[in-house]
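This report concerns only the one structure given below.
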Amino acid sequence: MAEAVAEGVKSGGAEAILKRVPETLPDEVLGKMGALEAQKAFEDVPVAAPNELADYDAIILGTPTRFGNMAAQMRSFLDATGQLWAKGSLVGKVGSVFVSSATQHGGQESTILSTHITLLHQGMVIVGLPYAFQAQTGFEEVKGCSPYGASTIAGGRGERMPSQVELEGARFQGQHVATIASKLSP
């Protein structure tokens, strides 16, 4: 999903910088969860630092859903942005969110909306996935995506890959964010 969002950003004429938030769990715990392989798959993606956010015109966050909210790693990362908030460093920047959940009703929308709260406290301008992306409507297949943002249903063990519609939604959202950010940039 993140790569599809980045493709959309680039198609919107902007630079996309793909980063991940720091892992907060020790390897021992990740091993018991069966998550070490997933971690290794993303070793080449640089780890973000909170202060970097001030350098970007737009920030698109992706997070798995945990009990209808963002993952603890994302929460920890965003909690470390207090200095940015104190300085108003993110005020007026575009913020957007995409998510994945284990099940169809696993809290995709509540995760996006609860993440929006933090972005709004930072003074960011929220951009979602408008109904101009019409593939999010209809019921011919099980799919994620809503006007709040792109989403996918990954399955409890990550066994389901994003559908073509979900990837198209992620690309659309990335392009939409890039377009809005270019209009807001001085």
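By order in the structure tokens, chains are A, B, ...; within a chain, residues start at 1; ligands start at 1, following the order shown.
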
**OP:** May I have the residues within 6 Å of range 12-27 of chain A as a PyMOL selection string, using only C-alpha atoms and disregarding those fewer than 6 positions away in the same chain?
**Re:** chain A and resi 6+45-48+73+175+178-179

Original post:
DSSP says alpha helix (DSSP H) for which residues of chain A? Put them as a PyMOL selection string?
Top reply: chain A and resi 2-11+27-33+36-41+72-79+82-87+108-121+164-184

Would you put the residues from that selection into a file with C-alpha atoms, as an mmCIF file, in the first residue's frame?
```cif
data_model
loop_
_atom_site.group_PDB
_atom_site.id
_atom_site.type_symbol
_atom_site.label_atom_id
_atom_site.label_comp_id
_atom_site.auth_asym_id
_atom_site.auth_seq_id
_atom_site.Cartn_x
_atom_site.Cartn_y
_atom_site.Cartn_z
ATOM 1 C CA ALA A 2 2.781 2.442 0.896
ATOM 2 C CA GLU A 3 4.481 1.876 -2.439
ATOM 3 C CA ALA A 4 1.191 2.488 -4.270
ATOM 4 C CA VAL A 5 0.681 5.719 -2.305
ATOM 5 C CA ALA A 6 4.220 6.779 -3.245
ATOM 6 C CA GLU A 7 3.506 6.015 -6.924
ATOM 7 C CA GLY A 8 0.468 8.275 -6.701
ATOM 8 C CA VAL A 9 2.486 11.065 -5.101
ATOM 9 C CA LYS A 10 5.016 10.858 -7.931
ATOM 10 C CA SER A 11 2.278 10.845 -10.572
ATOM 11 C CA ASP A 27 13.297 -9.127 18.657
ATOM 12 C CA GLU A 28 12.354 -11.792 21.212
ATOM 13 C CA VAL A 29 8.746 -10.609 21.220
ATOM 14 C CA LEU A 30 8.686 -10.159 17.442
ATOM 15 C CA GLY A 31 9.953 -13.724 17.085
ATOM 16 C CA LYS A 32 7.169 -15.104 19.279
ATOM 17 C CA MET A 33 4.671 -13.159 17.186
ATOM 18 C CA LEU A 36 10.687 -11.104 12.373
ATOM 19 C CA GLU A 37 10.402 -12.033 8.701
ATOM 20 C CA ALA A 38 8.099 -9.082 8.070
ATOM 21 C CA GLN A 39 10.623 -6.796 9.771
ATOM 22 C CA LYS A 40 13.423 -8.135 7.571
ATOM 23 C CA ALA A 41 11.355 -7.480 4.448
ATOM 24 C CA ALA A 72 1.579 1.318 19.154
ATOM 25 C CA GLN A 73 4.686 1.992 17.077
ATOM 26 C CA MET A 74 2.898 4.775 15.187
ATOM 27 C CA ARG A 75 1.423 6.147 18.411
ATOM 28 C CA SER A 76 4.880 6.228 19.988
ATOM 29 C CA PHE A 77 6.308 8.003 16.934
ATOM 30 C CA LEU A 78 3.551 10.621 16.905
ATOM 31 C CA ASP A 79 3.856 11.107 20.663
ATOM 32 C CA GLY A 82 5.706 17.390 20.867
ATOM 33 C CA GLN A 83 8.506 19.778 19.923
ATOM 34 C CA LEU A 84 7.046 20.120 16.422
ATOM 35 C CA TRP A 85 3.668 20.918 17.973
ATOM 36 C CA ALA A 86 5.200 23.470 20.366
ATOM 37 C CA LYS A 87 6.847 25.284 17.443
ATOM 38 C CA GLN A 108 -10.225 0.784 9.319
ATOM 39 C CA GLU A 109 -12.288 3.967 9.513
ATOM 40 C CA SER A 110 -11.869 4.410 13.264
ATOM 41 C CA THR A 111 -8.108 4.023 12.876
ATOM 42 C CA ILE A 112 -7.957 6.689 10.186
ATOM 43 C CA LEU A 113 -10.222 9.041 12.143
ATOM 44 C CA SER A 114 -8.325 8.574 15.413
ATOM 45 C CA THR A 115 -5.065 9.320 13.591
ATOM 46 C CA HIS A 116 -6.666 12.456 12.142
ATOM 47 C CA ILE A 117 -7.063 13.758 15.703
ATOM 48 C CA THR A 118 -3.297 13.929 16.154
ATOM 49 C CA LEU A 119 -2.841 15.551 12.738
ATOM 50 C CA LEU A 120 -5.483 18.148 13.566
ATOM 51 C CA HIS A 121 -3.784 18.941 16.891
ATOM 52 C CA GLN A 164 -6.276 -3.983 -7.440
ATOM 53 C CA VAL A 165 -9.042 -1.599 -6.313
ATOM 54 C CA GLU A 166 -7.331 -0.984 -2.975
ATOM 55 C CA LEU A 167 -4.005 -0.268 -4.700
ATOM 56 C CA GLU A 168 -5.743 2.077 -7.141
ATOM 57 C CA GLY A 169 -7.281 3.856 -4.145
ATOM 58 C CA ALA A 170 -3.858 4.218 -2.540
ATOM 59 C CA ARG A 171 -2.431 5.657 -5.767
ATOM 60 C CA PHE A 172 -5.365 8.050 -6.112
ATOM 61 C CA GLN A 173 -4.934 9.221 -2.532
ATOM 62 C CA GLY A 174 -1.202 9.804 -3.043
ATOM 63 C CA GLN A 175 -1.831 11.813 -6.201
ATOM 64 C CA HIS A 176 -4.648 13.760 -4.520
ATOM 65 C CA VAL A 177 -2.419 14.654 -1.557
ATOM 66 C CA ALA A 178 0.360 15.798 -3.915
ATOM 67 C CA THR A 179 -2.099 17.969 -5.856
ATOM 68 C CA ILE A 180 -3.541 19.595 -2.729
ATOM 69 C CA ALA A 181 -0.068 20.111 -1.189
ATOM 70 C CA SER A 182 1.157 21.845 -4.354
ATOM 71 C CA LYS A 183 -1.813 24.214 -4.205
ATOM 72 C CA LEU A 184 -1.099 25.058 -0.557
#
```

**OP:** Give me every strand (DSSP E or B) residue in chain A, going by DSSP on the backbone, as a count of residues only.
**Re:** 28

For the interface of range 80-135 of chain A with range 50-63 of chain A (cut-off 6 Å, counting only C-alpha atoms), please tabulate each contacting residue of range 80-135 of chain A alongside its nearest pair of atoms and their separation in Å to one decimal, rows sorted by chain and increasing number, as a Markdown table.
```
| residue | atom | partner | partner_atom | distance |
| --- | --- | --- | --- | --- |
| A:Thr81 | CA | A:Pro50 | CA | 5.6 |
| A:Ser89 | CA | A:Ala54 | CA | 5.6 |
| A:Leu90 | CA | A:Ala54 | CA | 5.9 |
| A:Lys93 | CA | A:Asp57 | CA | 5.4 |
| A:Val94 | CA | A:Ala58 | CA | 4.4 |
| A:Gly95 | CA | A:Ile59 | CA | 5.0 |
| A:Ser96 | CA | A:Ile60 | CA | 4.6 |
| A:Val97 | CA | A:Leu61 | CA | 4.7 |
| A:Phe98 | CA | A:Gly62 | CA | 4.8 |
| A:Val99 | CA | A:Thr63 | CA | 5.0 |
```

Go ahead and save the picked residues with all heavy atoms, as a PDB file, in the first residue's frame.
```
ATOM      1  N   THR A  81       6.369  13.885  18.706  1.00  0.00           N
ATOM      2  CA  THR A  81       6.344  15.110  17.892  1.00  0.00           C
ATOM      3  C   THR A  81       5.970  16.351  18.707  1.00  0.00           C
ATOM      4  O   THR A  81       5.625  17.378  18.133  1.00  0.00           O
ATOM      5  CB  THR A  81       5.373  14.966  16.698  1.00  0.00           C
ATOM      6  OG1 THR A  81       4.037  14.771  17.197  1.00  0.00           O
ATOM      7  CG2 THR A  81       5.774  13.816  15.788  1.00  0.00           C
ATOM      8  N   SER A  89       5.386  23.624  13.805  1.00  0.00           N
ATOM      9  CA  SER A  89       6.131  23.230  12.602  1.00  0.00           C
ATOM     10  C   SER A  89       5.300  22.526  11.540  1.00  0.00           C
ATOM     11  O   SER A  89       5.688  22.499  10.369  1.00  0.00           O
ATOM     12  CB  SER A  89       7.301  22.317  12.993  1.00  0.00           C
ATOM     13  OG  SER A  89       8.179  22.982  13.863  1.00  0.00           O
ATOM     14  N   LEU A  90       4.179  21.922  11.933  1.00  0.00           N
ATOM     15  CA  LEU A  90       3.365  21.185  10.967  1.00  0.00           C
ATOM     16  C   LEU A  90       2.088  21.918  10.579  1.00  0.00           C
ATOM     17  O   LEU A  90       1.303  21.418   9.766  1.00  0.00           O
ATOM     18  CB  LEU A  90       3.031  19.788  11.509  1.00  0.00           C
ATOM     19  CG  LEU A  90       4.236  18.919  11.891  1.00  0.00           C
ATOM     20  CD1 LEU A  90       3.784  17.553  12.391  1.00  0.00           C
ATOM     21  CD2 LEU A  90       5.214  18.787  10.733  1.00  0.00           C
ATOM     22  N   LYS A  93       0.469  22.087   6.861  1.00  0.00           N
ATOM     23  CA  LYS A  93       0.934  21.003   6.003  1.00  0.00           C
ATOM     24  C   LYS A  93      -0.208  20.014   5.789  1.00  0.00           C
ATOM     25  O   LYS A  93      -1.098  19.889   6.616  1.00  0.00           O
ATOM     26  CB  LYS A  93       2.132  20.292   6.629  1.00  0.00           C
ATOM     27  CG  LYS A  93       3.363  21.193   6.726  1.00  0.00           C
ATOM     28  CD  LYS A  93       4.532  20.464   7.311  1.00  0.00           C
ATOM     29  CE  LYS A  93       5.722  21.372   7.483  1.00  0.00           C
ATOM     30  NZ  LYS A  93       6.405  21.685   6.239  1.00  0.00           N
ATOM     31  N   VAL A  94      -0.164  19.302   4.674  1.00  0.00           N
ATOM     32  CA  VAL A  94      -1.197  18.306   4.382  1.00  0.00           C
ATOM     33  C   VAL A  94      -0.898  17.019   5.138  1.00  0.00           C
ATOM     34  O   VAL A  94       0.238  16.558   5.176  1.00  0.00           O
ATOM     35  CB  VAL A  94      -1.277  18.029   2.864  1.00  0.00           C
ATOM     36  CG1 VAL A  94      -2.229  16.880   2.569  1.00  0.00           C
ATOM     37  CG2 VAL A  94      -1.707  19.284   2.124  1.00  0.00           C
ATOM     38  N   GLY A  95      -1.924  16.448   5.748  1.00  0.00           N
ATOM     39  CA  GLY A  95      -1.816  15.170   6.431  1.00  0.00           C
ATOM     40  C   GLY A  95      -2.855  14.204   5.885  1.00  0.00           C
ATOM     41  O   GLY A  95      -3.990  14.603   5.590  1.00  0.00           O
ATOM     42  N   SER A  96      -2.468  12.955   5.732  1.00  0.00           N
ATOM     43  CA  SER A  96      -3.374  11.946   5.201  1.00  0.00           C
ATOM     44  C   SER A  96      -2.998  10.600   5.796  1.00  0.00           C
ATOM     45  O   SER A  96      -1.864  10.406   6.247  1.00  0.00           O
ATOM     46  CB  SER A  96      -3.265  11.929   3.673  1.00  0.00           C
ATOM     47  OG  SER A  96      -4.323  11.220   3.085  1.00  0.00           O
ATOM     48  N   VAL A  97      -3.943   9.655   5.775  1.00  0.00           N
ATOM     49  CA  VAL A  97      -3.734   8.360   6.436  1.00  0.00           C
ATOM     50  C   VAL A  97      -4.293   7.237   5.582  1.00  0.00           C
ATOM     51  O   VAL A  97      -5.371   7.368   4.993  1.00  0.00           O
ATOM     52  CB  VAL A  97      -4.433   8.337   7.825  1.00  0.00           C
ATOM     53  CG1 VAL A  97      -4.169   7.031   8.557  1.00  0.00           C
ATOM     54  CG2 VAL A  97      -4.008   9.532   8.680  1.00  0.00           C
ATOM     55  N   PHE A  98      -3.564   6.119   5.533  1.00  0.00           N
ATOM     56  CA  PHE A  98      -4.070   4.872   4.950  1.00  0.00           C
ATOM     57  C   PHE A  98      -3.784   3.755   5.936  1.00  0.00           C
ATOM     58  O   PHE A  98      -2.869   3.869   6.765  1.00  0.00           O
ATOM     59  CB  PHE A  98      -3.458   4.599   3.569  1.00  0.00           C
ATOM     60  CG  PHE A  98      -1.987   4.321   3.581  1.00  0.00           C
ATOM     61  CD1 PHE A  98      -1.502   3.015   3.569  1.00  0.00           C
ATOM     62  CD2 PHE A  98      -1.066   5.356   3.582  1.00  0.00           C
ATOM     63  CE1 PHE A  98      -0.144   2.755   3.567  1.00  0.00           C
ATOM     64  CE2 PHE A  98       0.298   5.106   3.576  1.00  0.00           C
ATOM     65  CZ  PHE A  98       0.761   3.802   3.566  1.00  0.00           C
ATOM     66  N   VAL A  99      -4.565   2.695   5.883  1.00  0.00           N
ATOM     67  CA  VAL A  99      -4.465   1.643   6.905  1.00  0.00           C
ATOM     68  C   VAL A  99      -4.685   0.248   6.323  1.00  0.00           C
ATOM     69  O   VAL A  99      -5.154   0.094   5.199  1.00  0.00           O
ATOM     70  CB  VAL A  99      -5.488   1.868   8.047  1.00  0.00           C
ATOM     71  CG1 VAL A  99      -5.286   3.198   8.741  1.00  0.00           C
ATOM     72  CG2 VAL A  99      -6.912   1.746   7.546  1.00  0.00           C
TER      73      VAL A  99
END
```

Original post:
Which neighbours of Tyr148 in chain A fall inside 6 Å, counting only C-alpha atoms, when residues of the same chain fewer than 2 positions from it are skipped, and could you give them as a list in words?
Top reply: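 Selected residues are Gly128, Leu129 and Ser146 of chain A.
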
Would you save the residues from that selection as a PDB file, in the first residue's frame, using C-alpha atoms?
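Everything below was put into part09.pdb:
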```pdb
ATOM      1  CA  GLY A 128      -8.731  11.806   2.434  1.00  0.00           C
ATOM      2  CA  LEU A 129      -9.838   9.683  -0.498  1.00  0.00           C
ATOM      3  CA  SER A 146     -13.478   4.962   2.214  1.00  0.00           C
TER       4      SER A 146
END
```

Subject >> Among listed residues A:Val127, A:Ala35, A:Met161, A:Ile153, nearest Ala102 in chain A (using only C-alpha atoms) >> reply: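 The answer is A:Ile153, which sits nearest to Ala102 in chain A.
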
Original post:
For Met1 in chain A, which residue among A:Glu140, A:Gly123, A:Pro64, A:Ala80 is the nearest when counting only C-alpha atoms?
Top reply: A:Pro64

Original post:
In Å, how far is it from CA of Gly144 in chain A to CA of Arg157 in chain A?
Top reply: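 Calculated distance between CA of Gly144 in chain A and CA of Arg157 in chain A is 17.1 Å.
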
**OP:** Fewer than 6 positions away in the same chain doesn't count, so skip those; otherwise give me all residues within 12 Å of Val142 in chain A, counting only C-alpha atoms, as number ranges by chain.
**Re:** A: 103-105, 135-136, 151-154, 160, 162-166
